[in-house]
Number of protein chains: 2
Amino acid sequence: MPKDVQPRRVRGSRSGRPVMALLDLLGRRWCLRIVWELRDDALTSRALRAACDEASPTVLQARLDELREAGFIVLGDSGYELTPLGRELLETFLPLHRFAERWSRQTG
Amino acid sequence: MPKDVQPRRVRGSRSGRPVMALLDLLGRRWCLRIVWELRDDALTSRALRAACDEASPTVLQARLDELREAGFIVLGDSGYELTPLGRELLETFLPLHRFAERWSRQTG
DNA sequence: GTGCGGCGCTACATTTACTGTAGCAGCATG
DNA sequence: CATGCTGCTACAGTAAATGTAGCGCCGCAC
């Protein structure tokens, strides 16, 4: 049973505007990365940890709980995977991939 | 003169893939928010602070240095503003706005 | 059944990051 | 020279992330 994670008015966002809440959620360490790493396949928590440069399991678990709470991921039979909503989210920032390539070429 | 901010291999990203570096940079506190708040007009550092729920100037300054280093923002005559590259970045995640609205309606 | 080896998840001490308040120097305007 | 703004910094306190270890659980081979 997932531990009770209360919503706890997202950190640093007292405005109440949804985009702020989202920006704040995604602005936590490893959060974007987790969604990114789940783009193709479901990953077990340990595989996800490996994919995220061996990030500490403590914070990874916290992010997984938060993302689950937000409805972006779910724990299925083959590990964590994006929900339809989570996939939608991923697609909104998939263009970042191409942008990042251009960016790194520009800054060296 | 901007204080010397060494690149310091972006935190938590030892992979070297540009998208990871970008995801990591954007995953720092207030980073996405700053870019977001600069979407329309240039803002002075103090106006930006006000826009960001009075975030502490220490970390705000750190993010501004990093974003400047990355070439996304620049300090002009009327405050901080997005560079063309920064505007490009903003546009890649502008769809988040609409997504956030749908998301908040879905989760209540 | 007993011992793997994997799973999701947690404890805890240490280190790092962020907060909040205060205040600096610089540059205009009066 | 005083006022008021700017970008930026110091510093003590608090919150978050790291790193290492290990829990209980389940399926499977022996």
# chains A, B, ... in the order shown; residues from 1 in each chain; ligands from 1
$ interface_residues --of "chain B" --to "chain C" --cutoff "12 Å" --atoms "only C-alpha atoms (C1' of nucleotides)" --output "PDB file with C-alpha atoms, in the first residue's frame"
ATOM      1  CA  ARG B  11      24.415  18.218 -10.846  1.00  0.00           C
ATOM      2  CA  ARG B  28      16.499  23.107  -9.949  1.00  0.00           C
ATOM      3  CA  ARG B  29      14.289  25.117  -7.715  1.00  0.00           C
ATOM      4  CA  TRP B  30      12.737  28.210  -9.337  1.00  0.00           C
ATOM      5  CA  GLU B  54       9.351  36.147  -2.670  1.00  0.00           C
ATOM      6  CA  ALA B  55      11.787  33.337  -3.146  1.00  0.00           C
ATOM      7  CA  SER B  56      15.013  33.925  -1.311  1.00  0.00           C
ATOM      8  CA  PRO B  57      17.404  36.157  -3.238  1.00  0.00           C
ATOM      9  CA  THR B  58      20.282  33.789  -2.615  1.00  0.00           C
ATOM     10  CA  VAL B  59      18.932  30.953  -4.677  1.00  0.00           C
ATOM     11  CA  LEU B  60      17.277  33.267  -7.170  1.00  0.00           C
ATOM     12  CA  GLN B  61      20.615  34.856  -7.861  1.00  0.00           C
ATOM     13  CA  ALA B  62      22.199  31.435  -8.246  1.00  0.00           C
ATOM     14  CA  ARG B  63      19.561  30.422 -10.791  1.00  0.00           C
TER      15      ARG B  63
END
$ interface_residues --of "chain B" --to "chain A" --cutoff "8 Å" --atoms "only C-alpha atoms" --output "PyMOL selection string"
chain B and resi 12-15+18-20+22-24+26-33+53+55+70-71+85+89+92-93+95-97+99-101+103-104+107
$ select_by_dssp --residues "chain B" --states "alpha helix (DSSP H)" --output "number ranges by chain"
B: 18-26, 31-37, 45-51, 57-69, 84-92, 95-107
$ atom_distance --atom1 "atom CA of Val74 of chain A" --atom2 "atom CA of Val35 of chain A"
11.4 Å
$ select_by_dssp --residues "segment 19-107 of chain A" --states "strand (DSSP E or B)" --output "list of chain:residue names"
A:Leu43, A:Ile73, A:Val74, A:Leu75, A:Gly76, A:Gly79, A:Tyr80, A:Glu81, A:Leu82
$ calpha_fit_and_write --fixed "chain A" --moving "chain B" --output "PDB file with C-alpha atoms, in the first residue's frame"
ATOM      1  CA  MET B   1       0.036   0.170  -0.128  1.00  0.00           C
ATOM      2  CA  PRO B   2       1.465   3.542  -1.053  1.00  0.00           C
ATOM      3  CA  LYS B   3       2.413   5.528   1.960  1.00  0.00           C
ATOM      4  CA  ASP B   4       0.158   8.444   2.688  1.00  0.00           C
ATOM      5  CA  VAL B   5       1.575  11.400   0.816  1.00  0.00           C
ATOM      6  CA  GLN B   6      -0.469  14.394   1.636  1.00  0.00           C
ATOM      7  CA  PRO B   7      -0.778  17.015  -1.106  1.00  0.00           C
ATOM      8  CA  ARG B   8       0.945  19.558   1.084  1.00  0.00           C
ATOM      9  CA  ARG B   9       0.335  22.546  -1.198  1.00  0.00           C
ATOM     10  CA  VAL B  10       3.193  22.202  -3.597  1.00  0.00           C
ATOM     11  CA  ARG B  11       6.358  23.766  -2.378  1.00  0.00           C
ATOM     12  CA  GLY B  12       7.097  27.316  -3.310  1.00  0.00           C
ATOM     13  CA  SER B  13       3.834  27.849  -5.058  1.00  0.00           C
ATOM     14  CA  ARG B  14       1.298  29.737  -3.065  1.00  0.00           C
ATOM     15  CA  SER B  15      -0.387  31.180  -6.100  1.00  0.00           C
ATOM     16  CA  GLY B  16      -2.777  28.321  -6.716  1.00  0.00           C
ATOM     17  CA  ARG B  17      -2.473  28.627 -10.458  1.00  0.00           C
ATOM     18  CA  PRO B  18      -2.177  25.091 -11.801  1.00  0.00           C
ATOM     19  CA  VAL B  19       0.761  25.828 -14.017  1.00  0.00           C
ATOM     20  CA  MET B  20       2.706  27.029 -10.993  1.00  0.00           C
ATOM     21  CA  ALA B  21       1.953  23.856  -9.130  1.00  0.00           C
ATOM     22  CA  LEU B  22       3.079  21.856 -12.128  1.00  0.00           C
ATOM     23  CA  LEU B  23       6.217  23.918 -12.630  1.00  0.00           C
ATOM     24  CA  ASP B  24       7.028  23.433  -9.001  1.00  0.00           C
ATOM     25  CA  LEU B  25       6.416  19.706  -9.046  1.00  0.00           C
ATOM     26  CA  LEU B  26       8.540  19.260 -12.149  1.00  0.00           C
ATOM     27  CA  GLY B  27      11.212  21.481 -10.651  1.00  0.00           C
ATOM     28  CA  ARG B  28      12.105  18.974  -7.980  1.00  0.00           C
ATOM     29  CA  ARG B  29      15.217  16.940  -8.282  1.00  0.00           C
ATOM     30  CA  TRP B  30      14.949  13.915 -10.602  1.00  0.00           C
ATOM     31  CA  CYS B  31      11.315  14.601 -11.396  1.00  0.00           C
ATOM     32  CA  LEU B  32      11.690  15.538 -15.034  1.00  0.00           C
ATOM     33  CA  ARG B  33      14.318  12.881 -15.379  1.00  0.00           C
ATOM     34  CA  ILE B  34      12.051  10.144 -14.089  1.00  0.00           C
ATOM     35  CA  VAL B  35       9.314  10.998 -16.553  1.00  0.00           C
ATOM     36  CA  TRP B  36      11.936  11.140 -19.240  1.00  0.00           C
ATOM     37  CA  GLU B  37      13.371   7.728 -18.449  1.00  0.00           C
ATOM     38  CA  LEU B  38       9.946   6.145 -18.532  1.00  0.00           C
ATOM     39  CA  ARG B  39       9.311   7.435 -22.042  1.00  0.00           C
ATOM     40  CA  ASP B  40       9.721   4.057 -23.752  1.00  0.00           C
ATOM     41  CA  ASP B  41       9.255   1.234 -21.290  1.00  0.00           C
ATOM     42  CA  ALA B  42       8.104   0.580 -17.789  1.00  0.00           C
ATOM     43  CA  LEU B  43      11.011   0.385 -15.365  1.00  0.00           C
ATOM     44  CA  THR B  44      11.325  -1.249 -11.985  1.00  0.00           C
ATOM     45  CA  SER B  45      12.288   1.051  -9.181  1.00  0.00           C
ATOM     46  CA  ARG B  46      15.793  -0.352  -9.275  1.00  0.00           C
ATOM     47  CA  ALA B  47      16.115  -0.050 -13.026  1.00  0.00           C
ATOM     48  CA  LEU B  48      14.897   3.493 -12.737  1.00  0.00           C
ATOM     49  CA  ARG B  49      17.507   4.154 -10.105  1.00  0.00           C
ATOM     50  CA  ALA B  50      20.178   2.821 -12.430  1.00  0.00           C
ATOM     51  CA  ALA B  51      18.838   4.962 -15.265  1.00  0.00           C
ATOM     52  CA  CYS B  52      19.030   8.016 -13.036  1.00  0.00           C
ATOM     53  CA  ASP B  53      22.750   7.789 -12.323  1.00  0.00           C
ATOM     54  CA  GLU B  54      22.142   5.855  -9.110  1.00  0.00           C
ATOM     55  CA  ALA B  55      20.235   8.640  -7.478  1.00  0.00           C
ATOM     56  CA  SER B  56      19.545   7.955  -3.848  1.00  0.00           C
ATOM     57  CA  PRO B  57      16.506   5.739  -3.332  1.00  0.00           C
ATOM     58  CA  THR B  58      15.148   8.047  -0.665  1.00  0.00           C
ATOM     59  CA  VAL B  59      14.476  10.956  -2.945  1.00  0.00           C
ATOM     60  CA  LEU B  60      13.617   8.734  -5.883  1.00  0.00           C
ATOM     61  CA  GLN B  61      10.917   7.113  -3.827  1.00  0.00           C
ATOM     62  CA  ALA B  62       9.636  10.519  -2.768  1.00  0.00           C
ATOM     63  CA  ARG B  63       9.408  11.640  -6.396  1.00  0.00           C
ATOM     64  CA  LEU B  64       7.700   8.404  -7.402  1.00  0.00           C
ATOM     65  CA  ASP B  65       5.114   8.936  -4.670  1.00  0.00           C
ATOM     66  CA  GLU B  66       4.544  12.497  -5.788  1.00  0.00           C
ATOM     67  CA  LEU B  67       4.270  11.581  -9.442  1.00  0.00           C
ATOM     68  CA  ARG B  68       1.866   8.805  -8.574  1.00  0.00           C
ATOM     69  CA  GLU B  69      -0.136  11.204  -6.464  1.00  0.00           C
ATOM     70  CA  ALA B  70      -0.236  13.583  -9.413  1.00  0.00           C
ATOM     71  CA  GLY B  71      -1.489  10.799 -11.644  1.00  0.00           C
ATOM     72  CA  PHE B  72       1.451  10.794 -14.022  1.00  0.00           C
ATOM     73  CA  ILE B  73       2.825   7.363 -13.272  1.00  0.00           C
ATOM     74  CA  VAL B  74       1.506   4.118 -11.899  1.00  0.00           C
ATOM     75  CA  LEU B  75       3.084   0.984 -10.499  1.00  0.00           C
ATOM     76  CA  GLY B  76       2.125  -1.878 -12.802  1.00  0.00           C
ATOM     77  CA  ASP B  77       3.227  -5.477 -13.129  1.00  0.00           C
ATOM     78  CA  SER B  78       6.442  -4.656 -14.921  1.00  0.00           C
ATOM     79  CA  GLY B  79       7.370  -1.660 -12.810  1.00  0.00           C
ATOM     80  CA  TYR B  80       6.608   2.008 -12.978  1.00  0.00           C
ATOM     81  CA  GLU B  81       5.051   3.306 -16.150  1.00  0.00           C
ATOM     82  CA  LEU B  82       3.481   6.465 -17.452  1.00  0.00           C
ATOM     83  CA  THR B  83      -0.265   6.817 -17.288  1.00  0.00           C
ATOM     84  CA  PRO B  84      -2.025   8.277 -20.337  1.00  0.00           C
ATOM     85  CA  LEU B  85      -1.891  11.599 -18.540  1.00  0.00           C
ATOM     86  CA  GLY B  86       1.794  11.138 -17.802  1.00  0.00           C
ATOM     87  CA  ARG B  87       2.446  10.323 -21.431  1.00  0.00           C
ATOM     88  CA  GLU B  88       0.651  13.479 -22.383  1.00  0.00           C
ATOM     89  CA  LEU B  89       2.905  15.409 -20.035  1.00  0.00           C
ATOM     90  CA  LEU B  90       5.972  13.780 -21.515  1.00  0.00           C
ATOM     91  CA  GLU B  91       4.908  14.768 -24.986  1.00  0.00           C
ATOM     92  CA  THR B  92       4.593  18.402 -24.007  1.00  0.00           C
ATOM     93  CA  PHE B  93       8.276  18.545 -23.282  1.00  0.00           C
ATOM     94  CA  LEU B  94       9.603  16.011 -25.736  1.00  0.00           C
ATOM     95  CA  PRO B  95      10.739  18.884 -27.970  1.00  0.00           C
ATOM     96  CA  LEU B  96      13.277  19.625 -25.250  1.00  0.00           C
ATOM     97  CA  HIS B  97      15.358  16.793 -26.625  1.00  0.00           C
ATOM     98  CA  ARG B  98      15.966  18.453 -29.932  1.00  0.00           C
ATOM     99  CA  PHE B  99      16.352  21.800 -28.235  1.00  0.00           C
ATOM    100  CA  ALA B 100      19.005  20.394 -25.939  1.00  0.00           C
ATOM    101  CA  GLU B 101      21.020  19.199 -28.890  1.00  0.00           C
ATOM    102  CA  ARG B 102      20.988  22.621 -30.482  1.00  0.00           C
ATOM    103  CA  TRP B 103      21.753  24.226 -27.152  1.00  0.00           C
ATOM    104  CA  SER B 104      24.810  22.085 -26.477  1.00  0.00           C
ATOM    105  CA  ARG B 105      26.132  22.776 -29.936  1.00  0.00           C
ATOM    106  CA  GLN B 106      25.722  26.474 -29.300  1.00  0.00           C
ATOM    107  CA  THR B 107      27.350  26.645 -25.888  1.00  0.00           C
ATOM    108  CA  GLY B 108      30.040  24.121 -26.759  1.00  0.00           C
TER     109      GLY B 108
END
$ closest_atom_pairs --of "chain D" --to "chain A" --cutoff "8 Å" --atoms "only C-alpha atoms (C1' of nucleotides)" --output "JSON lines"
{"residue": "D:DA17", "atom": "C1'", "partner": "A:Val59", "partner_atom": "CA", "distance": 6.5}
{"residue": "D:DT18", "atom": "C1'", "partner": "A:Ser56", "partner_atom": "CA", "distance": 6.0}
{"residue": "D:DG19", "atom": "C1'", "partner": "A:Ser56", "partner_atom": "CA", "distance": 6.8}
